[in-house]
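Peer 1: Just dropping this structure here.
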Amino acid sequence: MRRFLLFILLVAFAVAGTGFWWLHHPLPQRAASGSAAAGATPGVLELEIEPGTTPRGVAAAAVAAGVETDPRLLYAWFRLSGKDRLIKAGNYEIPAGTTPFGLLQKLVRGEEALRAVTLVEGWTFRQFRAALDRDEALRHDTQGLADAAVMERLGRPGVAAEGRFFPDTYTFAKGTSDLAVLRRALHAMDRRLEAAWAQRSADTPLKSADEALILASIVEKETGRASDRGQIAGVFSNRLRTGMLLQTDPTVIYGMGERFDGNLRRRDLQADTPWNTYTRAGLPPTPIAMPGKASLIAAVQPERTQALYFVARGDGTSHFSPTLDEHNRAVNRYQRGQTAPQGQ
């Protein structure tokens, strides 16, 4: 009887040892092939778990994704762990070296594979939407919608989309709606703009946070070197105070839309649009791009300067002038032969 009990114990220890080894030993993976491998990271399997999938179905999905093991073993482990009902739906990546223990931990914690999309400072809303459309990991719920319809979906009917999204890198799980990314960027700009407006200078010529956003977008497009940003904002603030035309080329280019071919001509400066600050006084009706934090702060806290003009030197910096005579000399020096000098 003792020998039999000893045999049973030995078998139990062997089974337990084998089970422990299996739980902490990397799961073999078969190489992805064909369309399943398109866009996949080498050595990483992609596992998609739909909402409502049973633990048995999760085990089968892992094997179908490329995990080389008996799905019954995975299912048994899920059940024995007591966490089988805690597995979360989502899109997961299973890198080489993942153990059964690690796989279950990932699924229970909901550690989905994250992708990222970047909104670049100075981009227009059209450029941002194009970046979202190109991202294959997103669900494209806004594709084909006009900008106004997108803003309505985001709960901002009647608000112009331009400039309303904060430039940053946004992470998301595969299959996330592009509307979710847009909503996060929208709320991020709300917070950044509110914080900047609360820090505005007492003598700012700007009347509202929306005007600050418009000016910040112009500063963003006009700034070639970060060190000039505050002084550029100071020039435009001075012009707003004195009632001078802003005369900034990026607003003209924005108003031209797809008609702009990369070459701004004198006749373009004379062709009136709502955004042409050579023909219309004050700020344009909307932002012209997505400004970053530095431009938002510069717009509400411009550098104190006597300058009313600036012109690009050609090296990324600008030359600032308090008088038109000095400005014209700077134009002749730095932009001779150009038809549309910056900050004219």
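Every chain in the structure tokens has a letter given in the order shown (A, B, ...), and although residue numbers restart at 1 in each chain, ligands are simply numbered from 1 in the order shown.
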Might you pull out every residue within 12 Å of Arg191 of chain A, with only C-alpha atoms counted and same-chain residues fewer than 5 positions away left off, and present them as a list in words?
Peer 2: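 The contact residues come out as Arg164, Phe165, Phe166, Arg184, Ala185, Leu186, Ala196, Trp197, Ala198, Ala209, Lys293 and Leu296 of chain A.
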Peer 1: Those residues you just picked out, can you put them in a file as a PDB file, in the first residue's frame with N, CA, C and O atoms?
Peer 2:
```
ATOM      1  N   ARG A 164      -8.406  73.273 -33.947  1.00  0.00           N
ATOM      2  CA  ARG A 164      -9.066  72.836 -32.716  1.00  0.00           C
ATOM      3  C   ARG A 164      -8.492  71.555 -32.127  1.00  0.00           C
ATOM      4  O   ARG A 164      -8.999  71.056 -31.119  1.00  0.00           O
ATOM      5  N   PHE A 165      -7.432  71.021 -32.715  1.00  0.00           N
ATOM      6  CA  PHE A 165      -6.877  69.739 -32.278  1.00  0.00           C
ATOM      7  C   PHE A 165      -5.414  69.930 -31.895  1.00  0.00           C
ATOM      8  O   PHE A 165      -4.631  70.463 -32.671  1.00  0.00           O
ATOM      9  N   PHE A 166      -5.069  69.481 -30.695  1.00  0.00           N
ATOM     10  CA  PHE A 166      -3.719  69.735 -30.197  1.00  0.00           C
ATOM     11  C   PHE A 166      -2.715  68.785 -30.838  1.00  0.00           C
ATOM     12  O   PHE A 166      -2.912  67.568 -30.857  1.00  0.00           O
ATOM     13  N   ARG A 184      -9.876  62.992 -28.433  1.00  0.00           N
ATOM     14  CA  ARG A 184      -8.795  63.216 -27.467  1.00  0.00           C
ATOM     15  C   ARG A 184      -7.991  64.450 -27.835  1.00  0.00           C
ATOM     16  O   ARG A 184      -7.632  65.255 -26.968  1.00  0.00           O
ATOM     17  N   ALA A 185      -7.692  64.618 -29.130  1.00  0.00           N
ATOM     18  CA  ALA A 185      -6.929  65.783 -29.570  1.00  0.00           C
ATOM     19  C   ALA A 185      -7.729  67.067 -29.376  1.00  0.00           C
ATOM     20  O   ALA A 185      -7.167  68.123 -29.035  1.00  0.00           O
ATOM     21  N   LEU A 186      -9.036  66.994 -29.583  1.00  0.00           N
ATOM     22  CA  LEU A 186      -9.910  68.151 -29.390  1.00  0.00           C
ATOM     23  C   LEU A 186      -9.917  68.586 -27.923  1.00  0.00           C
ATOM     24  O   LEU A 186      -9.755  69.771 -27.609  1.00  0.00           O
ATOM     25  N   ALA A 196      -3.548  78.488 -21.460  1.00  0.00           N
ATOM     26  CA  ALA A 196      -2.801  79.613 -22.031  1.00  0.00           C
ATOM     27  C   ALA A 196      -3.565  80.920 -21.835  1.00  0.00           C
ATOM     28  O   ALA A 196      -2.979  81.940 -21.441  1.00  0.00           O
ATOM     29  N   TRP A 197      -4.871  80.906 -22.097  1.00  0.00           N
ATOM     30  CA  TRP A 197      -5.668  82.127 -21.984  1.00  0.00           C
ATOM     31  C   TRP A 197      -5.672  82.654 -20.553  1.00  0.00           C
ATOM     32  O   TRP A 197      -5.689  83.867 -20.323  1.00  0.00           O
ATOM     33  N   ALA A 198      -5.603  81.754 -19.590  1.00  0.00           N
ATOM     34  CA  ALA A 198      -5.567  82.161 -18.181  1.00  0.00           C
ATOM     35  C   ALA A 198      -4.257  82.875 -17.840  1.00  0.00           C
ATOM     36  O   ALA A 198      -4.194  83.600 -16.839  1.00  0.00           O
ATOM     37  N   ALA A 209     -10.292  83.707 -26.096  1.00  0.00           N
ATOM     38  CA  ALA A 209      -9.414  82.553 -26.285  1.00  0.00           C
ATOM     39  C   ALA A 209      -9.404  82.111 -27.744  1.00  0.00           C
ATOM     40  O   ALA A 209      -8.381  81.654 -28.257  1.00  0.00           O
ATOM     41  N   LYS A 293       1.997  74.113 -28.017  1.00  0.00           N
ATOM     42  CA  LYS A 293       1.952  74.813 -26.730  1.00  0.00           C
ATOM     43  C   LYS A 293       2.769  76.100 -26.773  1.00  0.00           C
ATOM     44  O   LYS A 293       2.325  77.141 -26.269  1.00  0.00           O
ATOM     45  N   LEU A 296       0.911  78.844 -28.508  1.00  0.00           N
ATOM     46  CA  LEU A 296      -0.217  79.307 -27.706  1.00  0.00           C
ATOM     47  C   LEU A 296       0.264  80.292 -26.637  1.00  0.00           C
ATOM     48  O   LEU A 296      -0.338  81.353 -26.434  1.00  0.00           O
TER      49      LEU A 296
END
```
Peer 1: Can you pull out every residue within 12 Å of segment 187-190 of chain A, counting only C-alpha atoms, but drop anything in the same chain fewer than 5 positions away, and send it as a count of residues only?
Peer 2: 28
Peer 1: Nearest to Glu111 of chain A: which of A:Ala146, A:Leu74, A:Trp123, A:Phe172 is it, counting only C-alpha atoms?
Peer 2: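 Comparing A:Ala146, A:Leu74, A:Trp123, A:Phe172 against Glu111 of chain A, the winner is A:Phe172.
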Peer 1: Mind pulling up the distance from atom CA of Ala116 of chain A to atom CA of Leu104 of chain A?
Peer 2: 24.8 Å
Peer 1: List the spatial neighbours of Arg229 of chain A as a PDB file with N, CA, C and O atoms, in the first residue's frame - criterion: any atom at most 10 Å away, only C-alpha atoms, same-chain residues fewer than 6 positions off excluded.
Peer 2:
```
ATOM      1  N   ALA A 216      -2.149  82.236 -32.500  1.00  0.00           N
ATOM      2  CA  ALA A 216      -1.152  81.186 -32.263  1.00  0.00           C
ATOM      3  C   ALA A 216      -0.894  80.372 -33.521  1.00  0.00           C
ATOM      4  O   ALA A 216       0.242  79.976 -33.800  1.00  0.00           O
ATOM      5  N   VAL A 219       1.390  82.444 -35.713  1.00  0.00           N
ATOM      6  CA  VAL A 219       2.747  82.409 -35.145  1.00  0.00           C
ATOM      7  C   VAL A 219       3.406  81.074 -35.445  1.00  0.00           C
ATOM      8  O   VAL A 219       4.595  81.013 -35.796  1.00  0.00           O
ATOM      9  N   GLU A 220       2.644  79.992 -35.340  1.00  0.00           N
ATOM     10  CA  GLU A 220       3.184  78.655 -35.623  1.00  0.00           C
ATOM     11  C   GLU A 220       3.705  78.571 -37.056  1.00  0.00           C
ATOM     12  O   GLU A 220       4.794  78.035 -37.312  1.00  0.00           O
ATOM     13  N   GLU A 222       4.557  81.069 -39.051  1.00  0.00           N
ATOM     14  CA  GLU A 222       5.571  82.080 -39.372  1.00  0.00           C
ATOM     15  C   GLU A 222       6.914  81.814 -38.708  1.00  0.00           C
ATOM     16  O   GLU A 222       7.922  82.368 -39.118  1.00  0.00           O
ATOM     17  N   THR A 223       6.950  80.977 -37.675  1.00  0.00           N
ATOM     18  CA  THR A 223       8.171  80.780 -36.903  1.00  0.00           C
ATOM     19  C   THR A 223       9.090  79.769 -37.563  1.00  0.00           C
ATOM     20  O   THR A 223       8.739  78.599 -37.719  1.00  0.00           O
ATOM     21  N   ALA A 294       3.962  76.059 -27.371  1.00  0.00           N
ATOM     22  CA  ALA A 294       4.834  77.237 -27.383  1.00  0.00           C
ATOM     23  C   ALA A 294       4.185  78.398 -28.126  1.00  0.00           C
ATOM     24  O   ALA A 294       4.299  79.556 -27.710  1.00  0.00           O
ATOM     25  N   SER A 295       3.496  78.108 -29.214  1.00  0.00           N
ATOM     26  CA  SER A 295       2.836  79.172 -29.972  1.00  0.00           C
ATOM     27  C   SER A 295       1.619  79.708 -29.233  1.00  0.00           C
ATOM     28  O   SER A 295       1.308  80.905 -29.314  1.00  0.00           O
ATOM     29  N   ILE A 297       1.357  79.944 -25.973  1.00  0.00           N
ATOM     30  CA  ILE A 297       1.891  80.826 -24.932  1.00  0.00           C
ATOM     31  C   ILE A 297       2.413  82.119 -25.545  1.00  0.00           C
ATOM     32  O   ILE A 297       2.194  83.219 -25.007  1.00  0.00           O
ATOM     33  N   ALA A 298       3.090  82.025 -26.688  1.00  0.00           N
ATOM     34  CA  ALA A 298       3.618  83.230 -27.341  1.00  0.00           C
ATOM     35  C   ALA A 298       2.486  84.176 -27.734  1.00  0.00           C
ATOM     36  O   ALA A 298       2.628  85.403 -27.631  1.00  0.00           O
ATOM     37  N   ALA A 299       1.367  83.637 -28.170  1.00  0.00           N
ATOM     38  CA  ALA A 299       0.245  84.476 -28.605  1.00  0.00           C
ATOM     39  C   ALA A 299      -0.328  85.288 -27.455  1.00  0.00           C
ATOM     40  O   ALA A 299      -0.743  86.437 -27.646  1.00  0.00           O
ATOM     41  N   PRO A 302       3.227  87.707 -25.670  1.00  0.00           N
ATOM     42  CA  PRO A 302       4.216  88.059 -26.691  1.00  0.00           C
ATOM     43  C   PRO A 302       5.386  88.815 -26.089  1.00  0.00           C
ATOM     44  O   PRO A 302       5.263  89.479 -25.056  1.00  0.00           O
ATOM     45  N   GLU A 303       6.507  88.707 -26.763  1.00  0.00           N
ATOM     46  CA  GLU A 303       7.684  89.458 -26.329  1.00  0.00           C
ATOM     47  C   GLU A 303       7.441  90.946 -26.570  1.00  0.00           C
ATOM     48  O   GLU A 303       6.890  91.344 -27.591  1.00  0.00           O
ATOM     49  N   THR A 317      15.939  82.081 -39.311  1.00  0.00           N
ATOM     50  CA  THR A 317      15.693  83.195 -38.394  1.00  0.00           C
ATOM     51  C   THR A 317      15.041  84.350 -39.146  1.00  0.00           C
ATOM     52  O   THR A 317      14.947  84.331 -40.379  1.00  0.00           O
ATOM     53  N   SER A 318      14.607  85.354 -38.392  1.00  0.00           N
ATOM     54  CA  SER A 318      13.982  86.531 -38.989  1.00  0.00           C
ATOM     55  C   SER A 318      14.682  87.801 -38.532  1.00  0.00           C
ATOM     56  O   SER A 318      15.248  87.853 -37.432  1.00  0.00           O
TER      57      SER A 318
END
```
